file input.pdb (PDB, C-alpha atoms, pLDDT in the B column)
ATOM      1  CA  MET A   1     -39.396 160.099 174.456  1.00 90.00           C
ATOM      2  CA  LYS A   2     -41.920 162.215 176.342  1.00 92.00           C
ATOM      3  CA  ILE A   3     -45.558 162.427 175.312  1.00 93.00           C
ATOM      4  CA  GLN A   4     -46.945 165.878 176.086  1.00 94.00           C
ATOM      5  CA  TYR A   5     -50.340 167.076 177.236  1.00 95.00           C
ATOM      6  CA  LYS A   6     -52.451 169.201 174.918  1.00 95.00           C
ATOM      7  CA  LYS A   7     -51.868 172.889 175.469  1.00 95.00           C
ATOM      8  CA  ARG A   8     -55.609 173.294 176.035  1.00 96.00           C
ATOM      9  CA  HIS A   9     -55.514 170.781 178.890  1.00 95.00           C
ATOM     10  CA  LEU A  10     -52.662 172.645 180.566  1.00 96.00           C
ATOM     11  CA  ASN A  11     -54.253 176.039 179.978  1.00 96.00           C
ATOM     12  CA  ILE A  12     -57.516 174.922 181.587  1.00 97.00           C
ATOM     13  CA  ASN A  13     -55.659 174.089 184.806  1.00 96.00           C
ATOM     14  CA  LEU A  14     -53.861 177.436 184.671  1.00 97.00           C
ATOM     15  CA  PHE A  15     -57.151 179.260 184.039  1.00 97.00           C
ATOM     16  CA  PHE A  16     -58.862 177.610 187.014  1.00 97.00           C
ATOM     17  CA  GLY A  17     -55.865 178.420 189.199  1.00 97.00           C
ATOM     18  CA  ILE A  18     -56.137 182.089 188.248  1.00 97.00           C
ATOM     19  CA  VAL A  19     -59.926 182.157 188.733  1.00 96.00           C
ATOM     20  CA  TRP A  20     -59.740 180.633 192.223  1.00 95.00           C
ATOM     21  CA  LEU A  21     -56.881 182.976 193.111  1.00 95.00           C
ATOM     22  CA  ILE A  22     -58.998 185.977 192.114  1.00 94.00           C
ATOM     23  CA  PHE A  23     -61.937 184.697 194.176  1.00 90.00           C
ATOM     24  CA  GLY A  24     -59.665 184.193 197.155  1.00 90.00           C
ATOM     25  CA  LEU A  25     -58.023 187.605 196.894  1.00 91.00           C
ATOM     26  CA  LEU A  26     -61.374 189.343 196.411  1.00 89.00           C
ATOM     27  CA  GLY A  27     -62.722 187.565 199.458  1.00 86.00           C
ATOM     28  CA  ILE A  28     -59.743 188.527 201.587  1.00 88.00           C
ATOM     29  CA  PHE A  29     -59.427 192.157 200.515  1.00 88.00           C
ATOM     30  CA  THR A  30     -63.101 193.130 200.179  1.00 87.00           C
ATOM     31  CA  LYS A  31     -64.613 191.625 203.332  1.00 83.00           C
ATOM     32  CA  GLU A  32     -64.288 192.927 206.837  1.00 83.00           C
ATOM     33  CA  GLU A  33     -64.817 189.524 208.381  1.00 84.00           C
ATOM     34  CA  LEU A  34     -62.986 186.594 206.829  1.00 79.00           C
ATOM     35  CA  TYR A  35     -64.367 183.090 206.616  1.00 81.00           C
ATOM     36  CA  TRP A  36     -62.555 179.813 206.124  1.00 82.00           C
ATOM     37  CA  THR A  37     -63.900 179.613 202.565  1.00 80.00           C
ATOM     38  CA  ASP A  38     -61.916 182.717 201.642  1.00 80.00           C
ATOM     39  CA  TYR A  39     -58.746 180.803 202.418  1.00 87.00           C
ATOM     40  CA  GLY A  40     -60.202 177.706 200.765  1.00 91.00           C
ATOM     41  CA  TRP A  41     -60.234 179.495 197.402  1.00 91.00           C
ATOM     42  CA  LEU A  42     -56.516 180.181 197.799  1.00 93.00           C
ATOM     43  CA  ILE A  43     -55.855 176.540 198.656  1.00 95.00           C
ATOM     44  CA  ILE A  44     -57.813 175.377 195.602  1.00 95.00           C
ATOM     45  CA  SER A  45     -55.895 177.887 193.514  1.00 96.00           C
ATOM     46  CA  MET A  46     -52.557 176.578 194.741  1.00 96.00           C
ATOM     47  CA  LEU A  47     -53.664 173.014 193.949  1.00 97.00           C
ATOM     48  CA  TYR A  48     -54.513 173.962 190.362  1.00 97.00           C
ATOM     49  CA  PHE A  49     -51.201 175.810 189.966  1.00 97.00           C
ATOM     50  CA  THR A  50     -49.372 172.780 191.364  1.00 96.00           C
ATOM     51  CA  ILE A  51     -51.150 170.472 188.912  1.00 95.00           C
ATOM     52  CA  TYR A  52     -50.375 172.847 186.039  1.00 96.00           C
ATOM     53  CA  PHE A  53     -46.661 173.093 186.805  1.00 96.00           C
ATOM     54  CA  TYR A  54     -46.333 169.368 187.539  1.00 95.00           C
ATOM     55  CA  GLN A  55     -47.990 168.419 184.238  1.00 94.00           C
ATOM     56  CA  LYS A  56     -46.006 170.999 182.295  1.00 94.00           C
ATOM     57  CA  GLN A  57     -42.712 169.779 183.762  1.00 94.00           C
ATOM     58  CA  ASN A  58     -43.255 165.999 183.762  1.00 92.00           C
ATOM     59  CA  LYS A  59     -45.411 165.508 180.651  1.00 92.00           C
ATOM     60  CA  TYR A  60     -48.137 162.838 180.406  1.00 94.00           C
ATOM     61  CA  LEU A  61     -46.251 159.753 179.411  1.00 94.00           C
ATOM     62  CA  SER A  62     -42.668 158.730 178.872  1.00 93.00           C
ATOM     63  CA  ILE A  63     -41.112 155.875 176.944  1.00 91.00           C
ATOM     64  CA  GLU A  64     -37.513 155.365 178.005  1.00 91.00           C
ATOM     65  CA  ASN A  65     -35.206 152.417 178.515  1.00 90.00           C
ATOM     66  CA  GLY A  66     -37.825 149.916 177.417  1.00 88.00           C
ATOM     67  CA  MET A  67     -40.387 151.212 179.925  1.00 91.00           C
ATOM     68  CA  LEU A  68     -43.719 152.930 179.353  1.00 92.00           C
ATOM     69  CA  LYS A  69     -44.560 155.130 182.322  1.00 92.00           C
ATOM     70  CA  LEU A  70     -47.495 157.362 183.195  1.00 93.00           C
ATOM     71  CA  ASN A  71     -46.009 160.449 184.820  1.00 91.00           C
ATOM     72  CA  SER A  72     -48.631 160.974 187.488  1.00 87.00           C
ATOM     73  CA  PRO A  73     -47.741 160.892 191.191  1.00 84.00           C
ATOM     74  CA  PHE A  74     -48.831 157.250 191.419  1.00 86.00           C
ATOM     75  CA  GLY A  75     -48.309 156.394 187.744  1.00 84.00           C
ATOM     76  CA  LYS A  76     -47.897 152.865 186.493  1.00 89.00           C
ATOM     77  CA  LYS A  77     -44.875 151.459 184.694  1.00 91.00           C
ATOM     78  CA  ILE A  78     -44.950 148.700 182.110  1.00 92.00           C
ATOM     79  CA  LYS A  79     -42.033 147.092 180.334  1.00 91.00           C
ATOM     80  CA  LEU A  80     -42.523 147.277 176.580  1.00 90.00           C
ATOM     81  CA  THR A  81     -41.456 143.641 176.223  1.00 89.00           C
ATOM     82  CA  GLU A  82     -44.246 142.493 178.590  1.00 90.00           C
ATOM     83  CA  ILE A  83     -47.080 144.095 176.602  1.00 90.00           C
ATOM     84  CA  LYS A  84     -49.382 141.407 175.206  1.00 89.00           C
ATOM     85  CA  ARG A  85     -52.234 143.413 173.698  1.00 90.00           C
ATOM     86  CA  ILE A  86     -53.279 146.966 172.890  1.00 91.00           C
ATOM     87  CA  LYS A  87     -56.958 147.765 172.731  1.00 91.00           C
ATOM     88  CA  LYS A  88     -58.543 150.955 171.421  1.00 89.00           C
ATOM     89  CA  PHE A  89     -61.724 151.793 173.320  1.00 89.00           C
ATOM     90  CA  ALA A  90     -63.606 155.112 173.411  1.00 88.00           C
ATOM     91  CA  GLY A  91     -60.564 157.124 172.361  1.00 85.00           C
ATOM     92  CA  ASP A  92     -58.296 155.460 174.917  1.00 91.00           C
ATOM     93  CA  TYR A  93     -55.558 152.894 174.565  1.00 92.00           C
ATOM     94  CA  ILE A  94     -55.780 150.014 177.004  1.00 92.00           C
ATOM     95  CA  ILE A  95     -52.415 148.324 177.217  1.00 91.00           C
ATOM     96  CA  LYS A  96     -52.479 144.873 178.754  1.00 91.00           C
ATOM     97  CA  THR A  97     -49.804 142.606 180.127  1.00 89.00           C
ATOM     98  CA  ASP A  98     -50.240 139.327 181.976  1.00 89.00           C
ATOM     99  CA  LYS A  99     -50.334 141.136 185.316  1.00 89.00           C
ATOM    100  CA  THR A 100     -51.382 144.744 184.756  1.00 90.00           C
ATOM    101  CA  GLU A 101     -53.459 147.016 182.608  1.00 91.00           C
ATOM    102  CA  LEU A 102     -52.633 150.611 181.721  1.00 91.00           C
ATOM    103  CA  THR A 103     -55.113 153.073 180.214  1.00 92.00           C
ATOM    104  CA  ILE A 104     -53.798 155.968 178.143  1.00 92.00           C
ATOM    105  CA  SER A 105     -56.258 158.766 177.440  1.00 93.00           C
ATOM    106  CA  THR A 106     -55.624 160.043 173.935  1.00 92.00           C
ATOM    107  CA  GLN A 107     -57.992 162.977 174.461  1.00 93.00           C
ATOM    108  CA  ILE A 108     -55.408 164.899 176.492  1.00 93.00           C
ATOM    109  CA  ILE A 109     -52.341 164.072 174.388  1.00 94.00           C
ATOM    110  CA  ASP A 110     -50.878 166.664 172.040  1.00 94.00           C
ATOM    111  CA  PRO A 111     -51.576 165.613 168.405  1.00 93.00           C
ATOM    112  CA  ASN A 112     -47.870 165.634 167.462  1.00 93.00           C
ATOM    113  CA  SER A 113     -47.040 163.503 170.478  1.00 93.00           C
ATOM    114  CA  LEU A 114     -49.901 161.143 169.665  1.00 93.00           C
ATOM    115  CA  VAL A 115     -48.308 160.439 166.285  1.00 93.00           C
ATOM    116  CA  GLU A 116     -45.028 159.642 168.040  1.00 92.00           C
ATOM    117  CA  LEU A 117     -46.836 157.375 170.516  1.00 91.00           C
ATOM    118  CA  ASN A 118     -48.609 155.520 167.717  1.00 89.00           C
ATOM    119  CA  THR A 119     -45.380 154.906 165.823  1.00 90.00           C
ATOM    120  CA  GLU A 120     -43.669 153.690 168.982  1.00 89.00           C
ATOM    121  CA  LEU A 121     -46.533 151.317 169.817  1.00 87.00           C
ATOM    122  CA  GLU A 122     -46.686 150.014 166.232  1.00 87.00           C
ATOM    123  CA  LYS A 123     -43.014 149.047 166.476  1.00 87.00           C
ATOM    124  CA  LEU A 124     -44.033 146.423 169.036  1.00 86.00           C
ATOM    125  CA  ASN A 125     -45.822 144.336 166.337  1.00 82.00           C
ATOM    126  CA  LEU A 126     -48.737 143.470 168.618  1.00 82.00           C
ATOM    127  CA  GLN A 127     -52.373 142.709 168.002  1.00 75.00           C
ATOM    128  CA  TRP A 128     -54.564 145.842 168.137  1.00 77.00           C
ATOM    129  CA  ASN A 129     -58.250 145.386 168.933  1.00 75.00           C
TER     130      ASN A 129
END
call {"tool": "encode", "arguments": {"input": "input.pdb", "output": "structure tokens"}}
result
Amino acid sequence: MKIQYKKRHLNINLFFGIVWLIFGLLGIFTKEELYWTDYGWLIISMLYFTIYFYQKQNKYLSIENGMLKLNSPFGKKIKLTEIKRIKKFAGDYIIKTDKTELTISTQIIDPNSLVELNTELEKLNLQWN
């Protein structure tokens, strides 16, 4: 099961990518003398587009084969059987094991996916604080 980002979260990254691209192209095509910042806007734009496409393709979170995994480049993995406690704090879920702690931001999760995540976490029969 894959937990998706909110469409608004994805669209914000796409919007910023387009804005920085416009700034970069305006700087390149309207100035006689180019500065390094004109190329910097294009680099920032490409970073935002990369983030957008990565998040759209890989989703926020996945629960597969008994593993809960954050799908960021350096995302954490936790076995569902090792989870000891789930804590709700400031709109986030803090999932704790004996060794690690994983924070899931519910603010950027699609509402339909959040329902799926809640039902999957409730199946674990753990103490929620």
call {"tool": "residues_near_point", "arguments": {"input": "input.pdb", "point": "(-53.6, 146.1, 172.7)", "cutoff": "10 Å", "atoms": "all atoms listed in the file", "output": "list in words"}}
result
Ile83, Lys84, Arg85, Ile86, Lys87, Lys88, Phe89, Tyr93, Ile94, Ile95, Lys96, Thr97, Glu101, Leu121, Leu126, Gln127, Trp128 and Asn129 of chain A
call {"tool": "resolve_selection", "arguments": {"input": "input.pdb", "expression": "the PyMOL selection byres ((chain A and resi 46) around 12)", "output": "MDAnalysis selection string"}}
result
chainID A and resid 13:22 24 39:45 47:54
call {"tool": "closest_residue", "arguments": {"input": "input.pdb", "among": "A:Thr106, A:Glu64, A:Gln57, A:Leu80", "to": "Asp92 (chain A)", "atoms": "only C-alpha atoms"}}
result
A:Thr106
call {"tool": "resolve_selection", "arguments": {"input": "input.pdb", "expression": "the PyMOL selection byres ((chain A and resi 72) around 9)", "output": "NGL selection string"}}
result
:A and (54-55 or 58-61 or 69-71 or 73-76)
call {"tool": "atom_distance", "arguments": {"input": "input.pdb", "atom1": "CA of Met67 (chain A)", "atom2": "CA of Leu114 (chain A)"}}
result
17.2 Å
call {"tool": "resolve_selection", "arguments": {"input": "input.pdb", "expression": "the PyMOL selection byres ((chain A and resi 78) around 6)", "output": "PyMOL selection string"}}
result
chain A and resi 67-68+77+79
call {"tool": "closest_residue", "arguments": {"input": "input.pdb", "among": "A:Ser105, A:Val115, A:Gln4, A:Thr81", "to": "Gly66 (chain A)", "atoms": "only C-alpha atoms"}}
result
A:Thr81
call {"tool": "atom_distance", "arguments": {"input": "input.pdb", "atom1": "CA of Thr119 (chain A)", "atom2": "CA of Ile12 (chain A)"}}
result
28.2 Å
call {"tool": "atom_distance", "arguments": {"input": "input.pdb", "atom1": "CA of Ile63 (chain A)", "atom2": "CA of Ile109 (chain A)"}}
result
14.1 Å
call {"tool": "closest_residue", "arguments": {"input": "input.pdb", "among": "A:Leu26, A:Leu34, A:Ile3, A:Leu102", "to": "Glu116 (chain A)", "atoms": "all atoms listed in the file"}}
result
A:Ile3
call {"tool": "axis_aligned_box", "arguments": {"input": "input.pdb", "around": "region 22-37 of chain A", "padding_each_side": "4 Å", "output": "AutoDock Vina command-line options"}}
result
--center_x -61.4 --center_y 186.4 --center_z 200.2 --size_x 14.8 --size_y 21.5 --size_z 24.3
call {"tool": "closest_residue", "arguments": {"input": "input.pdb", "among": "A:Asp38, A:Asp110, A:Glu32, A:Glu122", "to": "Lys2 (chain A)", "atoms": "all atoms listed in the file"}}
result
A:Asp110
call {"tool": "closest_residue", "arguments": {"input": "input.pdb", "among": "A:Ile108, A:Met1, A:Thr30, A:Lys56", "to": "Glu120 (chain A)", "atoms": "only C-alpha atoms"}}
result
A:Met1
call {"tool": "build_atoms", "arguments": {"input": "input.pdb", "residues": "region 10-28 of chain A", "atoms": "N, CA and C atoms", "output": "PDB file, in the frame of the given file"}}
result
ATOM      1  N   LEU A  10     -53.494 171.903 179.621  1.00 96.00           N
ATOM      2  CA  LEU A  10     -52.662 172.645 180.566  1.00 96.00           C
ATOM      3  C   LEU A  10     -53.247 174.024 180.858  1.00 96.00           C
ATOM      4  N   ASN A  11     -53.715 174.695 179.806  1.00 96.00           N
ATOM      5  CA  ASN A  11     -54.253 176.039 179.978  1.00 96.00           C
ATOM      6  C   ASN A  11     -55.529 176.057 180.810  1.00 96.00           C
ATOM      7  N   ILE A  12     -56.310 174.995 180.762  1.00 97.00           N
ATOM      8  CA  ILE A  12     -57.516 174.922 181.587  1.00 97.00           C
ATOM      9  C   ILE A  12     -57.131 174.897 183.062  1.00 97.00           C
ATOM     10  N   ASN A  13     -56.113 174.116 183.413  1.00 96.00           N
ATOM     11  CA  ASN A  13     -55.659 174.089 184.806  1.00 96.00           C
ATOM     12  C   ASN A  13     -55.114 175.448 185.238  1.00 96.00           C
ATOM     13  N   LEU A  14     -54.379 176.109 184.365  1.00 97.00           N
ATOM     14  CA  LEU A  14     -53.861 177.436 184.671  1.00 97.00           C
ATOM     15  C   LEU A  14     -55.007 178.434 184.839  1.00 97.00           C
ATOM     16  N   PHE A  15     -55.999 178.364 183.966  1.00 97.00           N
ATOM     17  CA  PHE A  15     -57.151 179.260 184.039  1.00 97.00           C
ATOM     18  C   PHE A  15     -57.891 179.096 185.362  1.00 97.00           C
ATOM     19  N   PHE A  16     -58.158 177.830 185.752  1.00 97.00           N
ATOM     20  CA  PHE A  16     -58.862 177.610 187.014  1.00 97.00           C
ATOM     21  C   PHE A  16     -58.024 178.074 188.206  1.00 97.00           C
ATOM     22  N   GLY A  17     -56.724 177.915 188.136  1.00 97.00           N
ATOM     23  CA  GLY A  17     -55.865 178.420 189.199  1.00 97.00           C
ATOM     24  C   GLY A  17     -55.983 179.927 189.340  1.00 97.00           C
ATOM     25  N   ILE A  18     -56.014 180.626 188.227  1.00 97.00           N
ATOM     26  CA  ILE A  18     -56.137 182.089 188.248  1.00 97.00           C
ATOM     27  C   ILE A  18     -57.508 182.502 188.755  1.00 97.00           C
ATOM     28  N   VAL A  19     -58.562 181.817 188.295  1.00 96.00           N
ATOM     29  CA  VAL A  19     -59.926 182.157 188.733  1.00 96.00           C
ATOM     30  C   VAL A  19     -60.069 181.987 190.235  1.00 96.00           C
ATOM     31  N   TRP A  20     -59.604 180.861 190.778  1.00 95.00           N
ATOM     32  CA  TRP A  20     -59.740 180.633 192.223  1.00 95.00           C
ATOM     33  C   TRP A  20     -58.868 181.605 193.009  1.00 95.00           C
ATOM     34  N   LEU A  21     -57.732 181.988 192.449  1.00 95.00           N
ATOM     35  CA  LEU A  21     -56.881 182.976 193.111  1.00 95.00           C
ATOM     36  C   LEU A  21     -57.595 184.325 193.189  1.00 95.00           C
ATOM     37  N   ILE A  22     -58.249 184.711 192.120  1.00 94.00           N
ATOM     38  CA  ILE A  22     -58.998 185.977 192.114  1.00 94.00           C
ATOM     39  C   ILE A  22     -60.122 185.932 193.135  1.00 94.00           C
ATOM     40  N   PHE A  23     -60.870 184.826 193.172  1.00 90.00           N
ATOM     41  CA  PHE A  23     -61.937 184.697 194.176  1.00 90.00           C
ATOM     42  C   PHE A  23     -61.377 184.807 195.593  1.00 90.00           C
ATOM     43  N   GLY A  24     -60.270 184.147 195.828  1.00 90.00           N
ATOM     44  CA  GLY A  24     -59.665 184.193 197.155  1.00 90.00           C
ATOM     45  C   GLY A  24     -59.192 185.587 197.530  1.00 90.00           C
ATOM     46  N   LEU A  25     -58.515 186.260 196.607  1.00 91.00           N
ATOM     47  CA  LEU A  25     -58.023 187.605 196.894  1.00 91.00           C
ATOM     48  C   LEU A  25     -59.161 188.598 197.057  1.00 91.00           C
ATOM     49  N   LEU A  26     -60.206 188.477 196.248  1.00 89.00           N
ATOM     50  CA  LEU A  26     -61.374 189.343 196.411  1.00 89.00           C
ATOM     51  C   LEU A  26     -62.034 189.121 197.766  1.00 89.00           C
ATOM     52  N   GLY A  27     -62.124 187.870 198.159  1.00 86.00           N
ATOM     53  CA  GLY A  27     -62.722 187.565 199.458  1.00 86.00           C
ATOM     54  C   GLY A  27     -61.900 188.111 200.610  1.00 86.00           C
ATOM     55  N   ILE A  28     -60.598 188.061 200.497  1.00 88.00           N
ATOM     56  CA  ILE A  28     -59.743 188.527 201.587  1.00 88.00           C
ATOM     57  C   ILE A  28     -59.705 190.053 201.662  1.00 88.00           C
TER      58      ILE A  28
END
